[in-house]
Structures are given as C-alpha cells and as structure tokens.
>>> print(open('entry.txt').read())   # compact mmCIF, C-alpha atoms and all ligand atoms
# COMPACT_ATOMS: atom_id res chain seq x y z
CA MET A 1 2.61 22.28 -8.22
CA ASN A 2 -0.41 23.33 -6.16
CA GLN A 3 -1.18 21.27 -3.08
CA PRO A 4 -2.53 17.93 -4.40
CA PRO A 5 -6.19 17.20 -3.57
CA VAL A 6 -5.09 14.19 -1.53
CA LEU A 7 -1.82 13.70 0.32
CA ILE A 8 -0.16 10.36 0.94
CA ASN A 9 1.28 9.81 4.39
CA ASP A 10 3.14 6.56 3.91
CA THR A 11 3.66 4.39 6.96
CA THR A 12 5.71 1.54 5.49
CA LEU A 13 8.45 2.43 7.96
CA ARG A 14 6.06 2.30 10.93
CA ASP A 15 2.89 0.19 10.45
CA GLY A 16 4.49 -1.66 7.51
CA GLU A 17 7.39 -2.72 9.68
CA GLN A 18 4.97 -3.82 12.41
CA ALA A 19 4.09 -6.83 10.22
CA ALA A 20 5.11 -9.83 12.28
CA GLY A 21 8.64 -10.91 11.42
CA VAL A 22 9.62 -7.74 9.54
CA ALA A 23 12.66 -5.81 10.78
CA PHE A 24 14.35 -3.20 8.64
CA ASN A 25 17.94 -2.24 9.38
CA LEU A 26 19.19 1.35 9.23
CA GLN A 27 20.33 1.11 5.62
CA GLU A 28 17.00 -0.36 4.55
CA LYS A 29 15.00 2.30 6.38
CA VAL A 30 17.09 5.04 4.81
CA ALA A 31 16.83 3.49 1.33
CA ILE A 32 13.03 3.13 1.62
CA ALA A 33 12.63 6.71 2.89
CA LYS A 34 14.74 8.03 0.00
CA PHE A 35 12.75 6.03 -2.53
CA LEU A 36 9.40 7.14 -1.07
CA ASP A 37 10.62 10.72 -1.33
CA ASP A 38 11.85 10.15 -4.86
CA VAL A 39 8.46 8.86 -6.05
CA GLY A 40 6.86 11.98 -4.59
CA VAL A 41 5.18 10.69 -1.43
CA HIS A 42 4.18 13.79 0.52
CA GLU A 43 4.67 12.56 4.08
CA ILE A 44 6.53 9.64 5.66
CA GLU A 45 5.74 8.17 9.07
CA VAL A 46 9.32 7.24 9.78
CA GLY A 47 8.94 5.01 12.82
CA ILE A 48 8.52 4.95 16.58
CA PRO A 49 11.32 6.84 18.36
CA ALA A 50 10.21 5.40 21.74
CA MET A 51 11.47 2.00 20.57
CA GLY A 52 15.00 2.94 21.53
CA GLU A 53 18.48 3.34 20.12
CA GLU A 54 18.37 1.11 17.04
CA GLU A 55 15.23 2.83 15.79
CA THR A 56 16.23 6.37 16.73
CA ARG A 57 19.55 6.04 14.86
CA ALA A 58 17.64 5.14 11.70
CA ILE A 59 15.11 7.94 12.19
CA GLN A 60 17.88 10.48 12.84
CA ALA A 61 19.63 9.35 9.67
CA ILE A 62 16.41 9.89 7.70
CA ALA A 63 15.81 13.27 9.37
CA ASN A 64 19.33 14.31 8.29
CA LEU A 65 18.60 13.54 4.62
CA ASP A 66 16.67 16.77 4.14
CA LEU A 67 14.00 15.05 2.07
CA ARG A 68 11.17 16.90 0.37
CA ALA A 69 8.63 14.70 2.16
CA LYS A 70 7.49 15.79 5.59
CA LEU A 71 8.56 13.36 8.30
CA LEU A 72 6.42 12.27 11.23
CA GLY A 73 7.33 10.26 14.29
CA TRP A 74 4.65 7.97 15.77
CA ASN A 75 4.02 8.33 19.51
CA ARG A 76 1.77 7.09 22.23
CA ALA A 77 0.08 9.80 24.29
CA VAL A 78 3.12 9.72 26.55
CA ILE A 79 5.47 12.67 27.07
CA SER A 80 8.62 10.54 27.00
CA ASP A 81 7.58 9.30 23.53
CA ILE A 82 7.37 12.92 22.31
CA GLN A 83 10.77 13.63 23.85
CA ALA A 84 12.18 10.68 21.94
CA SER A 85 10.74 12.08 18.70
CA MET A 86 12.27 15.48 19.43
CA ALA A 87 15.64 13.87 20.14
CA CYS A 88 15.57 12.43 16.61
CA GLY A 89 15.24 15.93 15.19
CA LEU A 90 11.63 15.45 14.09
CA LYS A 91 9.46 18.55 13.83
CA ARG A 92 6.16 16.69 13.40
CA VAL A 93 4.62 14.16 15.73
CA HIS A 94 1.68 11.85 15.41
CA ILE A 95 0.09 11.07 18.78
CA CYS A 96 -2.06 7.95 19.05
CA ILE A 97 -4.94 7.72 21.50
CA PRO A 98 -7.20 4.69 21.84
CA VAL A 99 -10.85 5.66 21.46
CA SER A 100 -12.88 2.44 21.55
CA GLY A 101 -14.30 0.87 24.71
CA VAL A 102 -12.29 -2.30 24.26
CA GLN A 103 -9.02 -0.40 23.91
CA ILE A 104 -9.65 2.02 26.76
CA SER A 105 -10.71 -0.74 29.13
CA THR A 106 -7.64 -2.80 28.22
CA LYS A 107 -5.01 -0.07 28.16
CA PHE A 108 -6.42 2.47 30.61
CA GLN A 109 -8.56 0.19 32.79
CA GLY A 110 -11.65 1.90 31.38
CA GLN A 111 -10.55 5.30 32.72
CA TRP A 112 -11.41 7.45 29.73
CA ARG A 113 -10.81 10.63 31.73
CA ILE A 114 -7.19 9.60 32.30
CA THR A 115 -6.93 8.71 28.62
CA LEU A 116 -8.03 12.23 27.68
CA GLN A 117 -5.70 13.78 30.25
CA GLN A 118 -2.78 11.94 28.70
CA LEU A 119 -3.86 13.17 25.28
CA ARG A 120 -4.07 16.75 26.58
CA ASP A 121 -0.69 16.59 28.33
CA SER A 122 1.13 15.10 25.37
CA ILE A 123 -0.40 17.54 22.84
CA ASN A 124 0.41 20.47 25.12
CA PHE A 125 3.96 19.23 25.61
CA ALA A 126 4.48 18.82 21.87
CA LEU A 127 3.02 22.24 21.04
CA ASP A 128 5.03 23.91 23.80
CA ASN A 129 8.11 22.51 22.13
CA GLY A 130 7.15 23.94 18.75
CA LEU A 131 6.07 20.68 17.14
CA TRP A 132 3.35 20.17 14.54
CA VAL A 133 0.87 17.69 15.99
CA ALA A 134 -1.47 15.13 14.43
CA VAL A 135 -3.70 12.89 16.52
CA GLY A 136 -4.77 9.35 15.70
CA GLY A 137 -7.98 7.86 17.04
CA GLU A 138 -6.96 4.24 17.44
CA ASP A 139 -9.83 1.81 16.82
CA ALA A 140 -12.09 4.68 15.75
CA SER A 141 -14.20 2.27 13.72
CA ARG A 142 -15.30 0.39 16.88
CA ALA A 143 -15.60 3.48 19.07
CA ASP A 144 -18.85 5.00 20.29
CA LYS A 145 -19.58 7.55 17.56
CA ASN A 146 -20.29 10.45 19.93
CA PHE A 147 -17.26 9.74 22.08
CA LEU A 148 -15.10 9.58 18.96
CA LEU A 149 -16.43 12.94 17.84
CA ASP A 150 -15.75 14.41 21.27
CA VAL A 151 -12.15 13.16 21.21
CA ALA A 152 -11.60 14.51 17.70
CA LEU A 153 -13.03 17.92 18.68
CA TYR A 154 -10.97 17.91 21.86
CA ALA A 155 -7.79 17.19 19.89
CA GLN A 156 -8.65 20.07 17.55
CA GLU A 157 -9.37 22.39 20.47
CA LEU A 158 -6.03 21.49 22.04
CA GLY A 159 -4.25 22.51 18.84
CA ALA A 160 -3.84 19.33 16.79
CA SER A 161 -3.49 20.05 13.08
CA ARG A 162 -4.99 16.78 11.82
CA PHE A 163 -7.12 13.91 13.07
CA ARG A 164 -6.64 10.32 11.88
CA PHE A 165 -9.61 7.98 11.65
CA CYS A 166 -8.25 4.46 12.21
CA ASP A 167 -10.05 1.28 11.18
CA THR A 168 -7.53 -0.51 13.33
CA VAL A 169 -8.81 -4.07 12.89
CA GLY A 170 -10.27 -3.54 9.44
CA VAL A 171 -13.91 -4.13 10.33
CA LEU A 172 -15.61 -1.51 8.18
CA ASP A 173 -16.84 -1.78 4.61
CA PRO A 174 -16.59 1.18 2.22
CA PHE A 175 -20.18 2.31 2.88
CA ALA A 176 -19.77 2.37 6.66
CA THR A 177 -16.35 4.01 6.28
CA TYR A 178 -17.89 6.76 4.19
CA HIS A 179 -20.65 7.51 6.72
CA ARG A 180 -18.43 7.33 9.82
CA VAL A 181 -15.68 9.44 8.34
CA ARG A 182 -18.06 11.97 6.80
CA LYS A 183 -19.44 12.74 10.26
CA ILE A 184 -15.95 13.57 11.53
CA VAL A 185 -15.00 15.56 8.43
CA GLU A 186 -18.16 17.68 8.72
CA ALA A 187 -17.59 18.38 12.40
CA LEU A 188 -13.90 19.31 12.27
CA ALA A 189 -12.16 22.36 10.87
CA ILE A 190 -8.83 20.50 10.69
CA PRO A 191 -8.11 17.93 7.96
CA VAL A 192 -8.91 14.27 8.53
CA GLU A 193 -6.68 11.34 7.57
CA ILE A 194 -7.83 7.79 6.81
CA HIS A 195 -5.94 4.73 8.11
CA THR A 196 -7.31 1.35 7.07
CA HIS A 197 -6.45 -2.31 7.60
CA ASN A 198 -7.00 -5.25 5.31
CA ASP A 199 -8.47 -7.89 7.63
CA PHE A 200 -11.43 -8.37 5.23
CA GLY A 201 -9.50 -7.40 2.10
CA LEU A 202 -11.09 -3.93 2.08
CA ALA A 203 -8.21 -1.66 3.09
CA THR A 204 -7.79 0.07 -0.27
CA ALA A 205 -11.55 0.32 -0.88
CA ASN A 206 -12.01 1.78 2.59
CA ALA A 207 -9.16 4.26 2.10
CA LEU A 208 -10.87 5.45 -1.08
CA ALA A 209 -14.22 5.67 0.74
CA GLY A 210 -12.51 7.81 3.39
CA ILE A 211 -11.15 10.09 0.68
CA GLU A 212 -14.59 10.25 -0.94
CA ALA A 213 -15.93 11.28 2.48
CA GLY A 214 -13.51 14.19 2.59
CA CYS A 215 -10.23 12.88 4.04
CA LEU A 216 -7.36 14.93 2.69
CA THR A 217 -4.66 12.42 3.62
CA ALA A 218 -4.45 8.65 3.24
CA ASN A 219 -2.13 6.48 5.29
CA THR A 220 -0.63 3.76 3.07
CA THR A 221 2.14 1.18 2.97
CA VAL A 222 4.11 -0.17 0.04
CA ASN A 223 2.79 -3.62 -1.02
CA GLY A 224 0.11 -3.23 1.69
CA LEU A 225 2.67 -4.45 4.23
CA GLY A 226 1.51 -4.04 7.83
CA GLU A 227 -0.07 -5.49 10.95
CA ARG A 228 -1.86 -8.83 10.33
CA ALA A 229 -3.43 -8.66 6.83
CA GLY A 230 -1.72 -5.33 6.21
CA ASN A 231 -2.74 -1.79 5.28
CA ALA A 232 -4.05 0.06 2.24
CA ALA A 233 -1.35 -0.36 -0.40
CA LEU A 234 0.33 2.83 -1.59
CA GLU A 235 0.43 1.64 -5.21
CA GLU A 236 -3.26 0.69 -5.19
CA VAL A 237 -4.48 3.93 -3.63
CA VAL A 238 -2.32 6.06 -5.92
CA MET A 239 -3.35 4.24 -9.10
CA ALA A 240 -7.03 4.13 -8.13
CA LEU A 241 -6.94 7.88 -7.51
CA LYS A 242 -5.18 8.44 -10.81
CA ARG A 243 -7.15 6.09 -13.01
CA ILE A 244 -10.58 5.73 -11.38
CA TYR A 245 -10.94 9.19 -9.84
CA ASN A 246 -8.79 11.06 -12.36
CA LEU A 247 -6.76 12.64 -9.56
CA ASP A 248 -3.09 13.11 -10.23
CA ILE A 249 -1.46 13.60 -6.83
CA GLY A 250 2.04 14.03 -8.22
CA ILE A 251 3.39 10.52 -7.65
CA ASP A 252 5.96 9.27 -10.17
CA THR A 253 4.00 6.08 -10.88
CA PRO A 254 6.53 4.35 -13.21
CA LYS A 255 8.76 4.03 -10.14
CA LEU A 256 6.15 2.14 -8.11
CA LEU A 257 7.37 -1.27 -9.24
CA ASP A 258 10.98 -0.69 -8.17
CA LEU A 259 9.74 0.72 -4.86
CA SER A 260 7.67 -2.42 -4.36
CA ARG A 261 10.70 -4.61 -5.10
CA LEU A 262 12.84 -2.66 -2.64
CA VAL A 263 10.29 -3.11 0.16
CA ALA A 264 9.67 -6.76 -0.73
CA ALA A 265 13.40 -7.45 -0.47
CA ALA A 266 13.89 -5.50 2.76
CA SER A 267 10.83 -7.05 4.40
CA ARG A 268 11.53 -10.55 3.04
CA CYS A 269 7.83 -10.59 2.11
CA ASN A 270 7.31 -11.64 -1.48
CA VAL A 271 4.49 -10.02 -3.39
CA PRO A 272 1.98 -12.60 -4.72
CA PRO A 273 1.79 -12.72 -8.54
CA TRP A 274 -1.85 -11.55 -8.53
CA LYS A 275 -1.16 -8.54 -6.25
CA ALA A 276 -2.74 -5.44 -7.79
CA ILE A 277 -0.38 -3.05 -9.61
CA VAL A 278 2.93 -4.67 -8.57
CA GLY A 279 2.31 -8.45 -8.82
CA GLU A 280 4.17 -10.09 -11.69
CA ASN A 281 0.96 -11.28 -13.37
CA THR A 282 -0.70 -7.88 -13.49
CA PHE A 283 0.30 -7.39 -17.13
CA ALA A 284 0.83 -11.02 -18.17
CA HIS A 285 -1.60 -12.67 -20.60
CA GLU A 286 -1.76 -16.39 -21.31
CA SER A 287 -5.42 -17.21 -22.05
CA GLY A 288 -6.25 -17.60 -25.72
CA ILE A 289 -9.20 -15.20 -25.83
CA HIS A 290 -7.35 -12.53 -23.88
CA ALA A 291 -4.07 -12.84 -25.79
CA HIS A 292 -5.88 -12.80 -29.16
CA SER A 293 -7.47 -9.47 -28.26
CA VAL A 294 -4.44 -7.96 -26.47
CA LEU A 295 -2.32 -8.62 -29.55
CA GLN A 296 -4.67 -6.31 -31.44
CA ASN A 297 -5.57 -3.84 -28.70
CA PRO A 298 -4.11 -4.10 -25.16
CA MET A 299 -6.97 -1.99 -23.78
CA THR A 300 -9.24 -5.02 -24.15
CA TYR A 301 -7.72 -6.62 -21.06
CA GLU A 302 -5.65 -3.94 -19.36
CA PRO A 303 -7.01 -1.06 -17.27
CA PHE A 304 -3.98 1.12 -18.16
CA SER A 305 -0.63 0.59 -19.82
CA PRO A 306 2.01 -1.41 -17.92
CA GLU A 307 4.65 1.27 -18.43
CA GLU A 308 2.59 3.60 -16.27
CA VAL A 309 3.62 1.60 -13.21
CA GLY A 310 7.01 0.36 -14.37
CA TRP A 311 5.99 -2.95 -15.95
CA GLU A 312 6.31 -4.37 -19.46
CA ARG A 313 3.50 -6.43 -20.96
CA ARG A 314 4.15 -10.20 -21.08
CA LEU A 315 2.38 -12.65 -23.37
CA VAL A 316 3.08 -16.19 -22.24
CA VAL A 317 2.20 -19.51 -23.82
CA GLY A 318 0.60 -21.98 -21.41
CA LYS A 319 -2.28 -24.33 -20.71
CA HIS A 320 -4.96 -21.77 -21.62
CA SER A 321 -3.34 -20.34 -24.75
CA GLY A 322 -4.90 -20.39 -28.21
CA ARG A 323 -3.63 -20.51 -31.76
CA HIS A 324 -3.33 -16.75 -32.30
CA LEU A 325 -0.76 -16.30 -29.54
CA LEU A 326 1.05 -19.52 -30.39
CA SER A 327 1.29 -18.57 -34.06
CA GLN A 328 2.56 -15.13 -33.15
CA VAL A 329 5.30 -16.56 -30.93
CA LEU A 330 6.28 -19.09 -33.58
CA GLU A 331 6.29 -16.51 -36.35
CA GLU A 332 8.55 -14.26 -34.27
CA ASN A 333 10.93 -17.21 -34.26
CA GLY A 334 10.68 -17.86 -37.97
CA ILE A 335 8.23 -20.75 -37.83
CA ASN A 336 5.03 -21.05 -39.83
CA LEU A 337 2.75 -23.99 -39.08
CA ASN A 338 -0.46 -24.92 -40.83
CA ALA A 339 -3.74 -25.12 -38.88
CA GLU A 340 -3.44 -28.85 -38.19
CA GLU A 341 0.13 -28.53 -36.94
CA THR A 342 -0.72 -25.53 -34.77
CA LYS A 343 -3.51 -27.50 -33.17
CA SER A 344 -1.24 -30.39 -32.38
CA VAL A 345 1.49 -28.12 -30.91
CA LEU A 346 -1.20 -26.50 -28.76
CA GLU A 347 -2.17 -29.91 -27.45
CA ALA A 348 1.48 -30.55 -26.61
CA VAL A 349 1.70 -27.13 -24.91
CA ARG A 350 -1.32 -27.91 -22.71
CA LYS A 351 0.10 -31.27 -21.71
CA ALA A 352 3.56 -29.86 -20.96
CA SER A 353 2.07 -26.97 -18.94
CA VAL A 354 0.07 -29.34 -16.79
CA GLU A 355 3.15 -31.50 -16.22
CA LYS A 356 5.34 -28.51 -15.35
CA LYS A 357 2.49 -26.68 -13.61
CA ARG A 358 3.43 -23.37 -15.26
CA SER A 359 3.52 -21.57 -18.56
CA LEU A 360 6.31 -22.45 -20.98
CA THR A 361 9.35 -20.50 -22.02
CA THR A 362 9.69 -19.65 -25.68
CA GLN A 363 12.50 -22.19 -25.95
CA GLU A 364 10.27 -24.89 -24.51
CA VAL A 365 7.60 -24.08 -27.10
CA LEU A 366 10.22 -24.24 -29.86
CA ASP A 367 11.41 -27.60 -28.50
CA LEU A 368 7.85 -28.93 -28.77
CA VAL A 369 7.78 -27.85 -32.41
CA GLN A 370 11.07 -29.68 -33.00
CA GLN A 371 9.73 -32.78 -31.28
CA GLY A 372 6.65 -32.63 -33.55
CA ARG A 373 9.06 -32.79 -36.51
CA TYR A 374 7.44 -29.91 -38.40
CA SER A 375 10.87 -29.19 -39.81
CA HIS A 376 9.40 -28.16 -43.15
CA ALA A 377 7.95 -25.19 -41.29
CA LEU A 378 11.35 -23.93 -40.11
CA ARG A 379 12.78 -21.15 -42.23
C1 LIG A 401 -2.53 0.21 16.36
C2 LIG A 401 -1.06 0.34 16.38
O1 LIG A 401 -0.45 -0.06 15.45
S1 LIG A 401 -0.36 1.00 17.71
C3 LIG A 401 1.38 0.89 17.41
C4 LIG A 401 1.90 -0.42 17.84
N1 LIG A 401 3.30 -0.52 17.60
C5 LIG A 401 4.14 -1.07 18.47
O2 LIG A 401 3.76 -1.50 19.54
C6 LIG A 401 5.56 -1.22 18.02
C7 LIG A 401 6.57 -0.51 18.89
N2 LIG A 401 6.33 -0.67 20.29
C8 LIG A 401 7.32 -0.80 21.22
O3 LIG A 401 8.49 -0.85 20.91
C9 LIG A 401 6.88 -0.87 22.63
O4 LIG A 401 5.56 -1.37 22.70
C10 LIG A 401 6.97 0.52 23.32
C11 LIG A 401 8.41 1.02 23.32
C12 LIG A 401 6.11 1.58 22.60
C13 LIG A 401 6.46 0.42 24.74
O5 LIG A 401 7.13 -0.67 25.31
P1 LIG A 401 6.90 -1.17 26.81
O6 LIG A 401 7.12 -0.04 27.75
O7 LIG A 401 7.78 -2.35 26.97
O8 LIG A 401 5.34 -1.54 26.95
P2 LIG A 401 4.47 -2.64 26.23
O9 LIG A 401 4.71 -2.59 24.77
O10 LIG A 401 4.64 -3.98 26.85
O11 LIG A 401 3.00 -2.10 26.60
C14 LIG A 401 2.46 -0.96 26.00
C15 LIG A 401 2.24 0.14 27.03
O12 LIG A 401 1.83 1.33 26.34
C16 LIG A 401 0.49 1.71 26.76
N3 LIG A 401 -0.16 2.29 25.60
C17 LIG A 401 -0.55 1.67 24.49
N4 LIG A 401 -1.03 2.57 23.63
C18 LIG A 401 -0.96 3.77 24.22
C19 LIG A 401 -1.28 5.08 23.81
N5 LIG A 401 -1.78 5.31 22.60
N6 LIG A 401 -1.04 6.10 24.67
C20 LIG A 401 -0.52 5.87 25.88
N7 LIG A 401 -0.18 4.65 26.31
C21 LIG A 401 -0.39 3.62 25.49
C22 LIG A 401 -0.09 0.40 27.25
O13 LIG A 401 -1.21 0.60 28.06
C23 LIG A 401 1.10 -0.20 27.99
O14 LIG A 401 1.24 0.60 29.17
P3 LIG A 401 1.91 0.07 30.54
O15 LIG A 401 3.35 -0.18 30.22
O16 LIG A 401 1.73 1.21 31.47
O17 LIG A 401 1.16 -1.15 30.92
O1 LIG A 402 -2.00 6.23 14.54
C1 LIG A 402 -2.77 5.71 15.28
O2 LIG A 402 -3.38 6.38 16.07
C2 LIG A 402 -2.97 4.23 15.25
C3 LIG A 402 -2.60 3.78 13.91
C4 LIG A 402 -2.70 2.34 13.67
O3 LIG A 402 -1.72 1.74 13.30
C5 LIG A 402 -3.98 1.64 13.73
O4 LIG A 402 -4.92 2.13 14.34
O5 LIG A 402 -4.04 0.54 13.16
>>> encode(input="entry.txt", output="structure tokens", more="lines below")
Ligand SMILES: CC(=O)SCCNC(=O)CCNC(=O)[C@H](O)C(C)(C)COP(=O)(O)OP(=O)(O)OC[C@H]1O[C@@H](n2cnc3c(N)ncnc32)[C@H](O)[C@@H]1OP(=O)(O)O
Ligand SMILES: O=C(O)CCC(=O)C(=O)O
Amino acid sequence: MNQPPVLINDTTLRDGEQAAGVAFNLQEKVAIAKFLDDVGVHEIEVGIPAMGEEETRAIQAIANLDLRAKLLGWNRAVISDIQASMACGLKRVHICIPVSGVQISTKFQGQWRITLQQLRDSINFALDNGLWVAVGGEDASRADKNFLLDVALYAQELGASRFRFCDTVGVLDPFATYHRVRKIVEALAIPVEIHTHNDFGLATANALAGIEAGCLTANTTVNGLGERAGNAALEEVVMALKRIYNLDIGIDTPKLLDLSRLVAAASRCNVPPWKAIVGENTFAHESGIHAHSVLQNPMTYEPFSPEEVGWERRLVVGKHSGRHLLSQVLEENGINLNAEETKSVLEAVRKASVEKKRSLTTQEVLDLVQQGRYSHALR
C-alpha cells in the first residue's frame, strides 16, 4: 500500500497511561502494542523511558517484538532522557519542548534561551547517535504565534523530521486549530503532527481540523484515554477519516471494538455506553420511531454498518419502544397479538422499564405477555 494520506501515531501507551490512576503492567503494554500493530496503526508512542526500570522493561519488550508499526519513545529535552530511550533499543525519539509563556516561566524560570539550548543539545545528541527525531511544541495553542513558529523552524533547522502542534490543555476550537496549524504547516518543510486534548470535548474535532490544515500525522489514544478529559480517540479519528472524509488509512476497523475492550480492561476505565464508535449503545435502537425505520432500512438511523467497527446491531424493547418493534420481537418468539393486546403489552413494557430503569430482556417481554394472559396468541 502507498503511504496513507494521514498517519496515526497512537499514544495510548504514553499520554493514555498518563490518565490519573491508570497504570499498565508489562503484559498489558505488550498486548496493547501488539493489538495496535495488528489493527494497522502506523506509529506507537510506547512510553517514557526516563521513568525508570519498570517502564523501560516494558518498552524493551515491545521493541523486541519487531512490529510493523514504528516505535517512538517520549522524552523531555534532556540528554539523559534520550539515553534512556536508546537503552531501550528505540531508533526514534520524540522530544518535547514547552513553548508557551506559562510553561517556560514555570519550568525554565522564563529563560527561553535556556529552553532553546536544551532543545538544541538534545536534538544534536539524538542525531549524533543516529536517531530519528520528532519535536513536540508543548502548549503550542497558548504560545505566542511568532515564537512558536521560530521554535518549529529552529527544530527543523536542527534536523528534526517532524513537528508536533500540541493543544495541551484543549483550549482551541476547530476553527482556531485550523488557522494556527495552517500557519505552521505552510512555514515548515517537515511534516506536522496534531496532538489534541478533550477539555472542552473538542479533541477529535480539533484533530480533524489539524488534518484539514495539512497535518500528516494525528496523535490519538484508544477510547480517548489520557490526561484529564483525555485525547482524540483513535477510533473516532479513524472512522471520521474513513466515513466523513473518505480517507482509508489502512486501519482494520472491525478490530476497533476488541482493541477498545482491551484498553478499557487494562486501564480499568469503562467506556460510557454513548461513547462514539465503541460505546455499547452506538448500534442499539429502542425508540419506536427509530426501530420501526431501522427494521426496514438500518441506514435511517446508522451512519455506517455496525460490522464495520466490530459491533452487531441491537434492537431492544424498552420505555420508548413502539408496536412495530414489539410485534417483531413477539413474532420471532411465535406470538401474534392483536392491536389492542399489543397496546396493553406496550403499556406494561413502559411501566416495567421505568421500574427497572433499563430496557427489558426478551424473556422479560415474554413474561409480560404471559402475565397479560394472551395465551390464545401463543402458537
Ligand atoms: C504535556 C505532557 O503530557 S508532558 C508528559 C508528562 N508525563 C509525565 O510527567 C509522566 C512521566 N514523568 C515522570 O516519570 C517524571 O516526571 C520524570 C521521570 C520525567 C521526571 O521526574 P523527576 O526528575 O522526579 O521530576 P519532576 O517530575 O518532579 O519534575 C519535572 C522536571 O522536568 C522538567 N521538565 C518538564 N518538561 C520538560 C521538558 N520538556 N524538557 C526539559 N525539562 C522538562 C521540569 O522543569 C522539572 O525539572 P527540575 O527537576 O529540574 O525541576
Ligand atoms: O509531545 C509533546 O511535546 C507534549 C505532548 C502532550 O502530551 C501535550 O502537549 O499534551
């Protein structure tokens, strides 16, 4: 396959794991890396070697797997961080440099010259050791625009092969993302990557805006796991590219659901039922008007078929259901009710759903029919 128009650099194993309370063990990190590779993710940010032994053992184990995906270690602009990445056997390093006033004043006491020296020294060290280098502008979205551009050009001049635009605290909207990122894309000869956070629920939209502005790589995490409100979700970015932008980037989308389940289990972070693409309600229909139409043509209330992302369609009887769905379920179980009886079972369904605060199982619906003594209707 030719190089896809957009590459995914998945950071579930780095920014995803930075979600408060999440801690993957070695086996989990290896299993997630293998699965990401299996679904066709192009690059994996495997972790932070500078964290020490526990983390480096996991990263080394992943590096030894000989995956198709390219592996990157995340580093501060600190030479000992790069050495730690090299010790793991990584050939590619991502070097993070804060670029906003608030970050530089907090981390470098406002000494931007020292900040840039550290960037220079760490890039030079990495290149001297034969590494491929990407640079991340941390907090790019709150940085002075001209300073950000200078840092990006400086990184390019020093030999970085990619620059990452980070909306570190998720403060941009898609329009601002587009304009800010476009300026960087137009100025640089090297590719630009987009890294977005979900503090205002805009991470995926902003990642897409970055791509629209010319980013060739998007940084994602499975289930949107990550710092605070999380990152752009891999499954959302991939499916939006595929279905809204008609861009197939070579991801095996029917495997996305199992990948989501693996990360949910390893992170102990359940996915909410309404979560796009991988939530359990994404292809479930209960409401009468929806179910009536879906029974005839699923496209009425589905943007694409559930099988495309590993799901099966579910039609469930509950408080909002109507007679068409109820009759269908009953007929599948050999029961034919007249209009009056159907209406009265529906009433019973609504009442039971409110009491149980959920939809009903098929058996519970059948029990309601039994209780209504419509035995003449049973075949
Ligand atoms: C936006 C992001 O997501 S950035 C990634 C954040 N991820 C993490 O922090 C998770 C992993 N981190 C860790 O395990 C630790 O923070 C380590 C190993 C990296 C460093 O640990 P420690 O030496 O104990 O330092 P600590 O975490 O308390 O402070 C961070 C230090 O890094 C410095 N720093 C922060 N970012 C950068 C950077 N991009 N480049 C250079 N130095 C940096 C800070 O100024 C501070 O320096 P100081 O020790 O001289 O005061
Ligand atoms: O890679 C970087 O430079 C920082 C990435 C990051 O996690 C962020 O800015 O939120």
>>> residues_near_ligand(input="entry.txt", ligand="ligand LIG 402 (chain A)", cutoff="10 Å", atoms="only C-alpha atoms and all ligand atoms", output="ChimeraX atom specification")
/A:11,14-16,18,45,74-77,94-99,134-141,163-170,193-197,219,226-227,230-231
>>> axis_aligned_box(input="entry.txt", around="ligand LIG 401 (chain A)", padding_each_side="6 Å", output="AutoDock Vina command-line options")
--center_x 3.0 --center_y 1.1 --center_z 23.5 --size_x 23.0 --size_y 22.1 --size_z 28.0
>>> residues_around(input="entry.txt", residues="Pro174 of chain A", least_positions_apart="5", cutoff="8 Å", atoms="all atoms listed in the file", output="PDB file with C-alpha atoms, in the coordinates of the input")
ATOM      1  CA  LEU A 202     -11.090  -3.930   2.080  1.00  0.00           C
ATOM      2  CA  ALA A 205     -11.550   0.320  -0.880  1.00  0.00           C
ATOM      3  CA  ASN A 206     -12.010   1.780   2.590  1.00  0.00           C
ATOM      4  CA  LEU A 208     -10.870   5.450  -1.080  1.00  0.00           C
ATOM      5  CA  ALA A 209     -14.220   5.670   0.740  1.00  0.00           C
ATOM      6  CA  GLY A 210     -12.510   7.810   3.390  1.00  0.00           C
TER       7      GLY A 210
END
>>> residues_near_point(input="entry.txt", point="(5.4, -16.2, -27.6)", cutoff="9 Å", atoms="only C-alpha atoms", output="PyMOL selection string")
chain A and resi 314-317+325-333+361-362+365
>>> residues_around(input="entry.txt", residues="segment 261-270 of chain A", least_positions_apart="3", cutoff="10 Å", atoms="all atoms listed in the file", output="ChimeraX atom specification")
/A:12-13,16-17,19,21-25,27-29,31-32,35,221-223,225,256-258,273,278-279
>>> closest_residue(input="entry.txt", among="A:Val237, A:Ala352, A:Cys215, A:Ala50", to="ligand LIG 401 (chain A)", atoms="all atoms listed in the file")
A:Ala50
>>> atom_distance(input="entry.txt", atom1="atom CA of Glu235 of chain A", atom2="atom CA of Thr282 of chain A")
12.7 Å
>>> atom_distance(input="entry.txt", atom1="atom CA of Lys255 of chain A", atom2="atom CA of Ser359 of chain A")
27.5 Å
>>> atom_distance(input="entry.txt", atom1="atom CA of Ala233 of chain A", atom2="atom CA of Ala203 of chain A")
7.8 Å
>>> closest_residue(input="entry.txt", among="A:Met86, A:Asp121, A:Leu67, A:His42", to="ligand LIG 401 (chain A)", atoms="all atoms listed in the file")
A:Asp121
>>> residues_around(input="entry.txt", residues="Pro303 of chain A", least_positions_apart="3", cutoff="12 Å", atoms="all atoms listed in the file", output="PyMOL selection string")
chain A and resi 239-240+242-244+276-277+282-283+294+297-300+306-309
>>> closest_residue(input="entry.txt", among="A:Ile59, A:Leu65, A:Ile79, A:Val46", to="ligand LIG 401 (chain A)", atoms="all atoms listed in the file")
A:Ile79
>>> closest_residue(input="entry.txt", among="A:Val181, A:Leu127, A:Gly52, A:Ala58", to="Lys145 of chain A", atoms="only C-alpha atoms")
A:Val181
>>> closest_residue(input="entry.txt", among="A:Ile335, A:Leu346, A:Ile114, A:Ala87", to="ligand LIG 401 (chain A)", atoms="all atoms listed in the file")
A:Ile114
>>> closest_residue(input="entry.txt", among="A:Gly47, A:Gly334, A:Pro272, A:Gly288", to="ligand LIG 401 (chain A)", atoms="only C-alpha atoms and all ligand atoms")
A:Gly47
